[in-house]
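With CSV, C-alpha atoms inside, this is work-v2.csv:
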chain,number,residue,atom,x,y,z
C,9,MET,CA,163.8,23.8,-185.2
C,10,THR,CA,161.0,26.3,-185.7
C,11,GLU,CA,160.5,29.2,-188.0
C,12,GLU,CA,159.0,32.6,-187.3
C,13,LEU,CA,156.0,33.3,-189.5
C,14,GLY,CA,157.2,36.8,-190.2
C,15,LYS,CA,160.2,35.4,-192.0
C,16,ILE,CA,158.3,33.1,-194.2
C,17,GLU,CA,158.0,34.2,-197.8
C,18,LYS,CA,154.7,33.6,-199.6
C,19,PRO,CA,155.2,30.4,-201.7
C,20,SER,CA,153.3,29.1,-204.7
C,21,VAL,CA,150.3,26.7,-204.0
C,22,GLU,CA,152.1,24.0,-206.0
C,23,GLU,CA,154.7,23.6,-203.2
C,24,PHE,CA,152.0,22.5,-200.8
C,25,LYS,CA,150.9,18.9,-201.3
C,26,GLU,CA,151.0,16.4,-198.5
C,27,GLY,CA,151.3,17.1,-194.8
C,28,ARG,CA,149.7,19.5,-192.3
C,29,LYS,CA,148.9,23.0,-193.6
C,30,LEU,CA,147.8,26.1,-191.8
C,31,TYR,CA,146.4,29.2,-193.5
C,32,PHE,CA,147.4,32.2,-191.4
C,33,ILE,CA,144.9,35.1,-191.8
C,34,PRO,CA,146.0,38.4,-190.3
C,35,LEU,CA,143.2,39.6,-188.0
C,36,ILE,CA,142.2,43.2,-188.9
C,37,TYR,CA,139.7,45.0,-186.6
C,38,ARG,CA,137.3,47.9,-187.2
C,39,GLY,CA,136.5,50.3,-184.4
C,40,GLU,CA,133.1,51.9,-183.8
C,41,ASP,CA,134.5,55.3,-184.8
C,42,SER,CA,136.6,54.1,-187.8
C,43,PRO,CA,136.4,56.6,-190.7
C,44,ASP,CA,134.6,55.7,-193.9
C,45,GLU,CA,137.8,55.4,-195.9
C,46,TYR,CA,139.2,52.8,-193.5
C,47,ILE,CA,135.9,50.9,-193.4
C,48,ILE,CA,136.0,50.6,-197.2
C,49,LYS,CA,139.5,49.1,-197.1
C,50,PHE,CA,138.5,46.9,-194.1
C,51,ASN,CA,135.6,45.4,-196.0
C,52,LYS,CA,137.7,45.0,-199.2
C,53,TYR,CA,140.3,43.1,-197.2
C,54,TRP,CA,137.9,40.6,-195.8
C,55,GLU,CA,136.2,40.1,-199.1
C,56,GLN,CA,139.6,39.3,-200.6
C,57,VAL,CA,140.5,36.9,-197.7
C,58,GLU,CA,137.2,35.1,-198.3
C,59,LYS,CA,138.0,34.7,-202.0
C,60,GLN,CA,141.6,33.5,-201.3
C,61,ILE,CA,140.4,30.9,-198.8
C,62,ALA,CA,137.9,29.6,-201.4
C,63,GLU,CA,140.6,29.4,-204.0
C,64,LEU,CA,143.0,27.6,-201.6
C,65,GLU,CA,140.4,25.1,-200.6
C,66,ALA,CA,139.6,24.3,-204.3
C,67,LYS,CA,143.3,23.6,-204.9
C,68,LEU,CA,144.4,22.0,-201.6
C,69,GLY,CA,141.3,20.6,-200.0
C,70,ALA,CA,138.8,21.8,-197.4
C,71,VAL,CA,139.7,23.4,-194.1
C,72,LYS,CA,139.2,20.9,-191.2
C,73,ARG,CA,140.3,23.0,-188.1
C,74,ILE,CA,139.7,26.6,-187.2
C,75,TYR,CA,141.7,28.6,-184.6
C,76,HIS,CA,140.9,32.2,-183.7
C,77,GLU,CA,142.8,34.3,-181.2
C,78,LEU,CA,141.2,35.5,-178.0
C,79,VAL,CA,138.7,32.7,-178.2
C,80,PRO,CA,139.0,29.9,-175.6
C,81,ALA,CA,135.6,28.3,-176.4
C,82,VAL,CA,134.1,26.1,-179.0
C,83,GLY,CA,130.5,25.5,-180.3
C,84,ASP,CA,128.0,28.3,-180.0
C,85,ASP,CA,130.0,30.1,-177.3
C,86,GLY,CA,133.0,30.2,-179.5
C,87,ILE,CA,131.0,31.5,-182.5
C,88,LYS,CA,129.5,34.2,-180.3
C,89,ALA,CA,132.9,35.2,-179.0
C,90,ILE,CA,134.3,35.5,-182.5
C,91,GLU,CA,131.3,37.6,-183.7
C,92,GLU,CA,131.8,40.0,-180.8
C,93,LEU,CA,135.5,40.4,-181.8
C,94,CYS,CA,135.1,40.7,-185.6
C,95,ASP,CA,132.0,40.0,-187.6
C,96,LYS,CA,134.0,39.6,-190.8
C,97,SER,CA,136.2,36.9,-189.5
C,98,CYS,CA,133.1,35.3,-188.0
C,99,LYS,CA,131.6,35.1,-191.4
C,100,ILE,CA,134.6,33.2,-192.7
C,101,VAL,CA,134.5,30.8,-189.7
C,102,ARG,CA,130.8,30.1,-190.2
C,103,GLU,CA,131.3,29.3,-193.9
C,104,CYS,CA,134.1,26.9,-193.1
C,105,LEU,CA,132.0,25.2,-190.4
C,106,GLU,CA,129.2,24.8,-192.9
C,107,ARG,CA,131.7,23.0,-195.2
C,108,GLY,CA,132.6,20.6,-192.4
C,109,ALA,CA,135.4,22.3,-190.4
C,110,GLN,CA,135.6,22.2,-186.6
C,111,LEU,CA,136.2,25.2,-184.4
C,112,GLU,CA,139.0,24.5,-181.8
C,113,ALA,CA,139.7,26.4,-178.7
C,114,ALA,CA,143.0,28.1,-179.5
C,115,GLU,CA,143.3,29.8,-176.1
C,116,GLY,CA,143.2,28.7,-172.5
C,117,THR,CA,141.0,30.9,-170.3
C,118,ASP,CA,143.4,31.4,-167.4
C,119,ILE,CA,146.4,32.1,-169.6
C,120,LEU,CA,144.4,34.4,-171.8
C,121,THR,CA,143.0,36.5,-169.0
C,122,GLU,CA,146.4,36.7,-167.4
C,123,PHE,CA,147.8,38.0,-170.6
C,124,MET,CA,145.0,40.5,-171.1
C,125,ASP,CA,145.2,41.8,-167.5
C,126,TRP,CA,149.0,42.5,-167.8
C,127,SER,CA,148.3,44.2,-171.2
C,128,ARG,CA,145.8,46.5,-169.5
C,129,CYS,CA,148.3,47.3,-166.8
C,130,LEU,CA,150.8,48.5,-169.3
C,131,MET,CA,148.2,50.7,-171.0
C,132,ILE,CA,147.0,52.6,-167.9
C,133,GLY,CA,150.1,54.9,-167.7
C,134,LEU,CA,152.2,53.6,-164.8
C,135,GLN,CA,154.7,56.0,-163.3
C,136,ASN,CA,157.1,54.1,-161.0
C,137,PRO,CA,160.0,52.6,-163.0
C,138,LYS,CA,160.3,49.6,-160.7
C,139,VAL,CA,156.5,48.8,-161.1
C,140,ILE,CA,156.7,49.3,-164.8
C,141,ASN,CA,159.6,46.8,-165.1
C,142,GLN,CA,157.8,44.3,-162.9
C,143,VAL,CA,154.6,44.6,-165.0
C,144,TYR,CA,156.5,44.4,-168.2
C,145,GLU,CA,158.4,41.2,-167.2
C,146,SER,CA,155.1,39.7,-166.1
C,147,TYR,CA,153.5,40.6,-169.4
C,148,LEU,CA,156.4,39.0,-171.3
C,149,GLU,CA,156.1,35.8,-169.3
C,150,ALA,CA,152.3,35.7,-169.9
C,151,THR,CA,152.9,36.3,-173.6
C,152,LYS,CA,155.3,33.4,-173.7
C,153,LYS,CA,152.9,31.1,-171.9
C,154,ARG,CA,150.1,32.1,-174.2
C,155,ASN,CA,152.1,31.5,-177.4
C,156,GLU,CA,153.2,28.1,-176.2
C,157,TYR,CA,149.6,27.2,-175.3
C,158,ILE,CA,148.3,28.2,-178.8
C,159,ILE,CA,151.1,26.2,-180.5
C,160,THR,CA,150.4,23.2,-178.4
C,161,ARG,CA,146.7,23.3,-179.2
C,162,ILE,CA,147.4,23.5,-182.9
C,163,ASN,CA,150.0,20.8,-182.7
C,164,GLU,CA,147.7,18.4,-180.8
C,165,THR,CA,144.5,19.0,-182.8
C,166,LEU,CA,145.7,19.5,-186.4
C,167,GLN,CA,146.0,15.9,-187.6
C,168,LYS,CA,148.1,14.3,-190.4
C,169,ASN,CA,147.4,15.9,-193.8
C,170,GLU,CA,144.8,18.2,-192.4
C,171,THR,CA,144.4,21.9,-193.2
C,172,GLY,CA,143.6,24.5,-190.6
C,173,ILE,CA,143.0,28.2,-190.4
C,174,LEU,CA,144.6,30.5,-187.8
C,175,ILE,CA,143.1,34.0,-187.5
C,176,MET,CA,145.3,36.2,-185.4
C,177,ARG,CA,147.1,39.5,-185.4
C,178,GLU,CA,150.4,39.6,-187.2
C,179,ASN,CA,152.7,40.5,-184.3
C,180,HIS,CA,152.2,37.2,-182.5
C,181,GLN,CA,155.8,35.8,-182.4
C,182,LEU,CA,154.5,32.2,-182.6
C,183,GLN,CA,157.0,29.5,-183.4
C,184,PHE,CA,155.3,26.8,-185.5
C,185,PRO,CA,156.5,23.2,-185.7
C,186,THR,CA,158.5,22.6,-188.8
C,187,ASP,CA,156.1,19.9,-190.1
C,188,ILE,CA,153.2,22.4,-190.4
C,189,GLN,CA,153.3,24.3,-193.7
C,190,ILE,CA,152.3,27.9,-193.2
C,191,ILE,CA,150.4,29.6,-196.0
C,192,TYR,CA,150.2,33.3,-195.4
C,193,VAL,CA,146.9,34.8,-196.7
C,194,ALA,CA,147.8,38.4,-197.6
C,195,PRO,CA,145.5,39.9,-200.2
C,196,PRO,CA,146.4,43.3,-201.8
C,197,ALA,CA,144.0,45.2,-199.4
C,198,LEU,CA,146.2,44.3,-196.5
C,199,ASP,CA,149.0,46.5,-197.8
C,200,GLU,CA,146.5,49.2,-198.5
C,201,ILE,CA,145.4,49.1,-194.8
C,202,LYS,CA,148.9,49.2,-193.5
C,203,ARG,CA,149.8,52.1,-195.8
C,204,TRP,CA,146.7,54.0,-194.7
C,205,LEU,CA,147.6,53.4,-191.0
C,206,ARG,CA,151.1,54.6,-191.5
C,207,GLU,CA,149.8,57.8,-193.2
C,208,GLN,CA,147.5,58.5,-190.3
C,209,GLU,CA,150.4,58.1,-187.8
C,210,ASN,CA,152.6,60.5,-189.8
C,211,LYS,CA,150.0,63.2,-190.1
C,212,PRO,CA,150.9,66.3,-188.1
C,213,LYS,CA,149.0,66.7,-184.9
C,214,GLU,CA,146.3,69.4,-185.0
Once you've parsed the file, please lay out its structure as structure tokens.
Amino acid sequence: MTEELGKIEKPSVEEFKEGRKLYFIPLIYRGEDSPDEYIIKFNKYWEQVEKQIAELEAKLGAVKRIYHELVPAVGDDGIKAIEELCDKSCKIVRECLERGAQLEAAEGTDILTEFMDWSRCLMIGLQNPKVINQVYESYLEATKKRNEYIITRINETLQKNETGILIMRENHQLQFPTDIQIIYVAPPALDEIKRWLREQENKPKE
């Protein structure tokens, strides 16, 4: 039996002792044209994440494994890929590596590129209903394969009593093994960002 992360309530640290643990960090991006008010919240969020991770490590032990979405590489190639995606998450990854953690390839190249290609197809504005349905079904299948791959990688590499970090967007629909304890890292700035994004969506079009 597995449990969807979105249904897991934030527990107290005292509940987590023995066993495998995974800190889930929502991956928040910043665009090149992001307004200053968003960038302030964005920077605040990652500062708070960094602080929470340090507090968790102090109470529960050092992070041993790092998994980052959209990154099928390890070593310098993996670090470079993360930095290109988000410099703030890369900073956290680098700090964990300096403390002895190991970067794992969370994604498989073939499965990831298939997922990304189908995603792009859905975004280009298809017109024929039959084509749209076929592309959407292929996208769902690729999403399923990708999620299964990520879970398998985590399950195979996160050893007994080890702690890992997964940096990934929230709407992932991953189903984690029940023996992995999920600790959701959600600092106050995350709600600020979500509220700000909702406000932008609800603004009347000019």
>> List the spatial neighbours of Lys59 of chain C as a PyMOL selection string - criterion: any atom at most 12 Å away, all atoms listed in the file, same-chain residues fewer than 3 positions off excluded.
In response: chain C and resi 52-56+62-66+100+103+193-195
>> Given only C-alpha atoms as the basis, pick out the residue of C:Asn155, C:Thr117, C:Ser97, C:Asn169 nearest to Leu182 of chain C.
In response: C:Asn155
> So, counting all atoms listed in the file, which residue among C:Arg128, C:Arg73, C:Arg38, C:Lys49 is closest to Gly108 of chain C?
Replying inline: C:Arg73
>> Taking all atoms listed in the file into account, name the residue in C:Leu205, C:Asp44, C:Gln60, C:Ala109 that is nearest to Thr171 of chain C.
In response: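 Residue with the minimum atom-to-atom distance to Thr171 of chain C: C:Ala109.
One finds atom CA of Glu112 of chain C at 8.6 Å from atom CA of Gly86 of chain C.
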>> Set the distance at 12 Å and use all atoms listed in the file: which residues neighbour Leu166 of chain C once local chain neighbours fewer than 3 positions away are removed? I'd like the list as a PyMOL selection string.
In response: chain C and resi 27-30+71-75+109-114+158-163+169-174+185+187-189
>> Report, in Å with one decimal, the straight-line distance from atom CA of Ser127 of chain C to atom CA of Arg206 of chain C.
In response: 23.0 Å
> Of the candidates C:Gln135, C:Val57, C:Asp85, C:Gln181, which shows the shortest atom-to-atom distance to Tyr31 of chain C, using all atoms listed in the file?
Replying inline: C:Val57
> For the atom pair atom CA of Val139 of chain C and atom CA of Glu156 of chain C, what is the interatomic distance in Å to one decimal place?
Replying inline: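 Value for the atom CA of Val139 of chain C-atom CA of Glu156 of chain C distance: 25.8 Å.
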> Of the candidates C:Gly116, C:Pro43, C:Pro34, C:Pro80, which shows the shortest atom-to-atom distance to Ile175 of chain C, using all atoms listed in the file?
Replying inline: C:Pro34
>> Given all atoms listed in the file as the basis, pick out the residue of C:Ile36, C:Val82, C:Leu105, C:Ile47 nearest to Ala70 of chain C.
In response: C:Leu105
Generate the coordinates of N, CA and C atoms for segment 102-133 of chain C; report them as a PDB file, keeping the file's coordinate frame.
ATOM      1  N   ARG C 102     132.076  30.787-189.993  1.00  0.00           N
ATOM      2  CA  ARG C 102     130.800  30.100-190.200  1.00  0.00           C
ATOM      3  C   ARG C 102     130.744  29.373-191.537  1.00  0.00           C
ATOM      4  N   GLU C 103     131.294  29.982-192.576  1.00  0.00           N
ATOM      5  CA  GLU C 103     131.300  29.300-193.900  1.00  0.00           C
ATOM      6  C   GLU C 103     132.134  28.063-193.870  1.00  0.00           C
ATOM      7  N   CYS C 104     133.269  28.106-193.177  1.00  0.00           N
ATOM      8  CA  CYS C 104     134.100  26.900-193.100  1.00  0.00           C
ATOM      9  C   CYS C 104     133.411  25.815-192.258  1.00  0.00           C
ATOM     10  N   LEU C 105     132.707  26.210-191.203  1.00  0.00           N
ATOM     11  CA  LEU C 105     132.000  25.200-190.400  1.00  0.00           C
ATOM     12  C   LEU C 105     130.880  24.563-191.219  1.00  0.00           C
ATOM     13  N   GLU C 106     130.229  25.340-192.071  1.00  0.00           N
ATOM     14  CA  GLU C 106     129.200  24.800-192.900  1.00  0.00           C
ATOM     15  C   GLU C 106     129.747  23.763-193.908  1.00  0.00           C
ATOM     16  N   ARG C 107     131.033  23.911-194.234  1.00  0.00           N
ATOM     17  CA  ARG C 107     131.700  23.000-195.200  1.00  0.00           C
ATOM     18  C   ARG C 107     132.354  21.810-194.415  1.00  0.00           C
ATOM     19  N   GLY C 108     132.107  21.718-193.106  1.00  0.00           N
ATOM     20  CA  GLY C 108     132.600  20.600-192.400  1.00  0.00           C
ATOM     21  C   GLY C 108     133.774  20.783-191.453  1.00  0.00           C
ATOM     22  N   ALA C 109     134.229  22.015-191.322  1.00  0.00           N
ATOM     23  CA  ALA C 109     135.400  22.300-190.400  1.00  0.00           C
ATOM     24  C   ALA C 109     134.913  22.261-188.975  1.00  0.00           C
ATOM     25  N   GLN C 110     135.889  22.216-188.080  1.00  0.00           N
ATOM     26  CA  GLN C 110     135.600  22.200-186.600  1.00  0.00           C
ATOM     27  C   GLN C 110     136.350  23.325-185.956  1.00  0.00           C
ATOM     28  N   LEU C 111     135.640  24.068-185.115  1.00  0.00           N
ATOM     29  CA  LEU C 111     136.200  25.200-184.400  1.00  0.00           C
ATOM     30  C   LEU C 111     136.944  24.586-183.129  1.00  0.00           C
ATOM     31  N   GLU C 112     138.231  24.911-182.985  1.00  0.00           N
ATOM     32  CA  GLU C 112     139.000  24.500-181.800  1.00  0.00           C
ATOM     33  C   GLU C 112     139.267  25.654-180.906  1.00  0.00           C
ATOM     34  N   ALA C 113     139.367  25.379-179.623  1.00  0.00           N
ATOM     35  CA  ALA C 113     139.700  26.400-178.700  1.00  0.00           C
ATOM     36  C   ALA C 113     141.184  26.694-178.702  1.00  0.00           C
ATOM     37  N   ALA C 114     141.572  27.789-179.337  1.00  0.00           N
ATOM     38  CA  ALA C 114     143.000  28.100-179.500  1.00  0.00           C
ATOM     39  C   ALA C 114     143.627  28.610-178.217  1.00  0.00           C
ATOM     40  N   GLU C 115     142.813  29.170-177.341  1.00  0.00           N
ATOM     41  CA  GLU C 115     143.300  29.800-176.100  1.00  0.00           C
ATOM     42  C   GLU C 115     142.850  29.061-174.880  1.00  0.00           C
ATOM     43  N   GLY C 116     143.629  29.218-173.792  1.00  0.00           N
ATOM     44  CA  GLY C 116     143.200  28.700-172.500  1.00  0.00           C
ATOM     45  C   GLY C 116     142.718  29.917-171.676  1.00  0.00           C
ATOM     46  N   THR C 117     141.598  29.770-171.005  1.00  0.00           N
ATOM     47  CA  THR C 117     141.000  30.900-170.300  1.00  0.00           C
ATOM     48  C   THR C 117     141.897  31.567-169.310  1.00  0.00           C
ATOM     49  N   ASP C 118     142.525  30.789-168.441  1.00  0.00           N
ATOM     50  CA  ASP C 118     143.400  31.400-167.400  1.00  0.00           C
ATOM     51  C   ASP C 118     144.582  32.091-167.993  1.00  0.00           C
ATOM     52  N   ILE C 119     145.231  31.466-168.962  1.00  0.00           N
ATOM     53  CA  ILE C 119     146.400  32.100-169.600  1.00  0.00           C
ATOM     54  C   ILE C 119     146.002  33.327-170.358  1.00  0.00           C
ATOM     55  N   LEU C 120     144.880  33.266-171.057  1.00  0.00           N
ATOM     56  CA  LEU C 120     144.400  34.400-171.800  1.00  0.00           C
ATOM     57  C   LEU C 120     144.071  35.601-170.947  1.00  0.00           C
ATOM     58  N   THR C 121     143.339  35.348-169.862  1.00  0.00           N
ATOM     59  CA  THR C 121     143.000  36.500-169.000  1.00  0.00           C
ATOM     60  C   THR C 121     144.171  37.061-168.283  1.00  0.00           C
ATOM     61  N   GLU C 122     145.159  36.218-167.951  1.00  0.00           N
ATOM     62  CA  GLU C 122     146.400  36.700-167.400  1.00  0.00           C
ATOM     63  C   GLU C 122     147.103  37.663-168.352  1.00  0.00           C
ATOM     64  N   PHE C 123     147.214  37.211-169.592  1.00  0.00           N
ATOM     65  CA  PHE C 123     147.800  38.000-170.600  1.00  0.00           C
ATOM     66  C   PHE C 123     147.112  39.327-170.845  1.00  0.00           C
ATOM     67  N   MET C 124     145.798  39.292-170.888  1.00  0.00           N
ATOM     68  CA  MET C 124     145.000  40.500-171.100  1.00  0.00           C
ATOM     69  C   MET C 124     145.110  41.474-169.936  1.00  0.00           C
ATOM     70  N   ASP C 125     145.133  40.939-168.709  1.00  0.00           N
ATOM     71  CA  ASP C 125     145.200  41.800-167.500  1.00  0.00           C
ATOM     72  C   ASP C 125     146.575  42.534-167.484  1.00  0.00           C
ATOM     73  N   TRP C 126     147.664  41.818-167.777  1.00  0.00           N
ATOM     74  CA  TRP C 126     149.000  42.500-167.800  1.00  0.00           C
ATOM     75  C   TRP C 126     149.038  43.499-168.929  1.00  0.00           C
ATOM     76  N   SER C 127     148.387  43.189-170.047  1.00  0.00           N
ATOM     77  CA  SER C 127     148.300  44.200-171.200  1.00  0.00           C
ATOM     78  C   SER C 127     147.644  45.433-170.732  1.00  0.00           C
ATOM     79  N   ARG C 128     146.543  45.288-170.003  1.00  0.00           N
ATOM     80  CA  ARG C 128     145.800  46.500-169.500  1.00  0.00           C
ATOM     81  C   ARG C 128     146.654  47.283-168.556  1.00  0.00           C
ATOM     82  N   CYS C 129     147.403  46.584-167.714  1.00  0.00           N
ATOM     83  CA  CYS C 129     148.300  47.300-166.800  1.00  0.00           C
ATOM     84  C   CYS C 129     149.270  48.183-167.473  1.00  0.00           C
ATOM     85  N   LEU C 130     149.818  47.690-168.583  1.00  0.00           N
ATOM     86  CA  LEU C 130     150.800  48.500-169.300  1.00  0.00           C
ATOM     87  C   LEU C 130     150.166  49.688-170.003  1.00  0.00           C
ATOM     88  N   MET C 131     148.868  49.620-170.245  1.00  0.00           N
ATOM     89  CA  MET C 131     148.200  50.700-171.000  1.00  0.00           C
ATOM     90  C   MET C 131     147.661  51.804-170.112  1.00  0.00           C
ATOM     91  N   ILE C 132     147.668  51.624-168.801  1.00  0.00           N
ATOM     92  CA  ILE C 132     147.000  52.600-167.900  1.00  0.00           C
ATOM     93  C   ILE C 132     147.927  53.778-167.555  1.00  0.00           C
ATOM     94  N   GLY C 133     149.185  53.743-167.979  1.00  0.00           N
ATOM     95  CA  GLY C 133     150.100  54.900-167.700  1.00  0.00           C
ATOM     96  C   GLY C 133     150.718  54.788-166.322  1.00  0.00           C
TER      97      GLY C 133
END
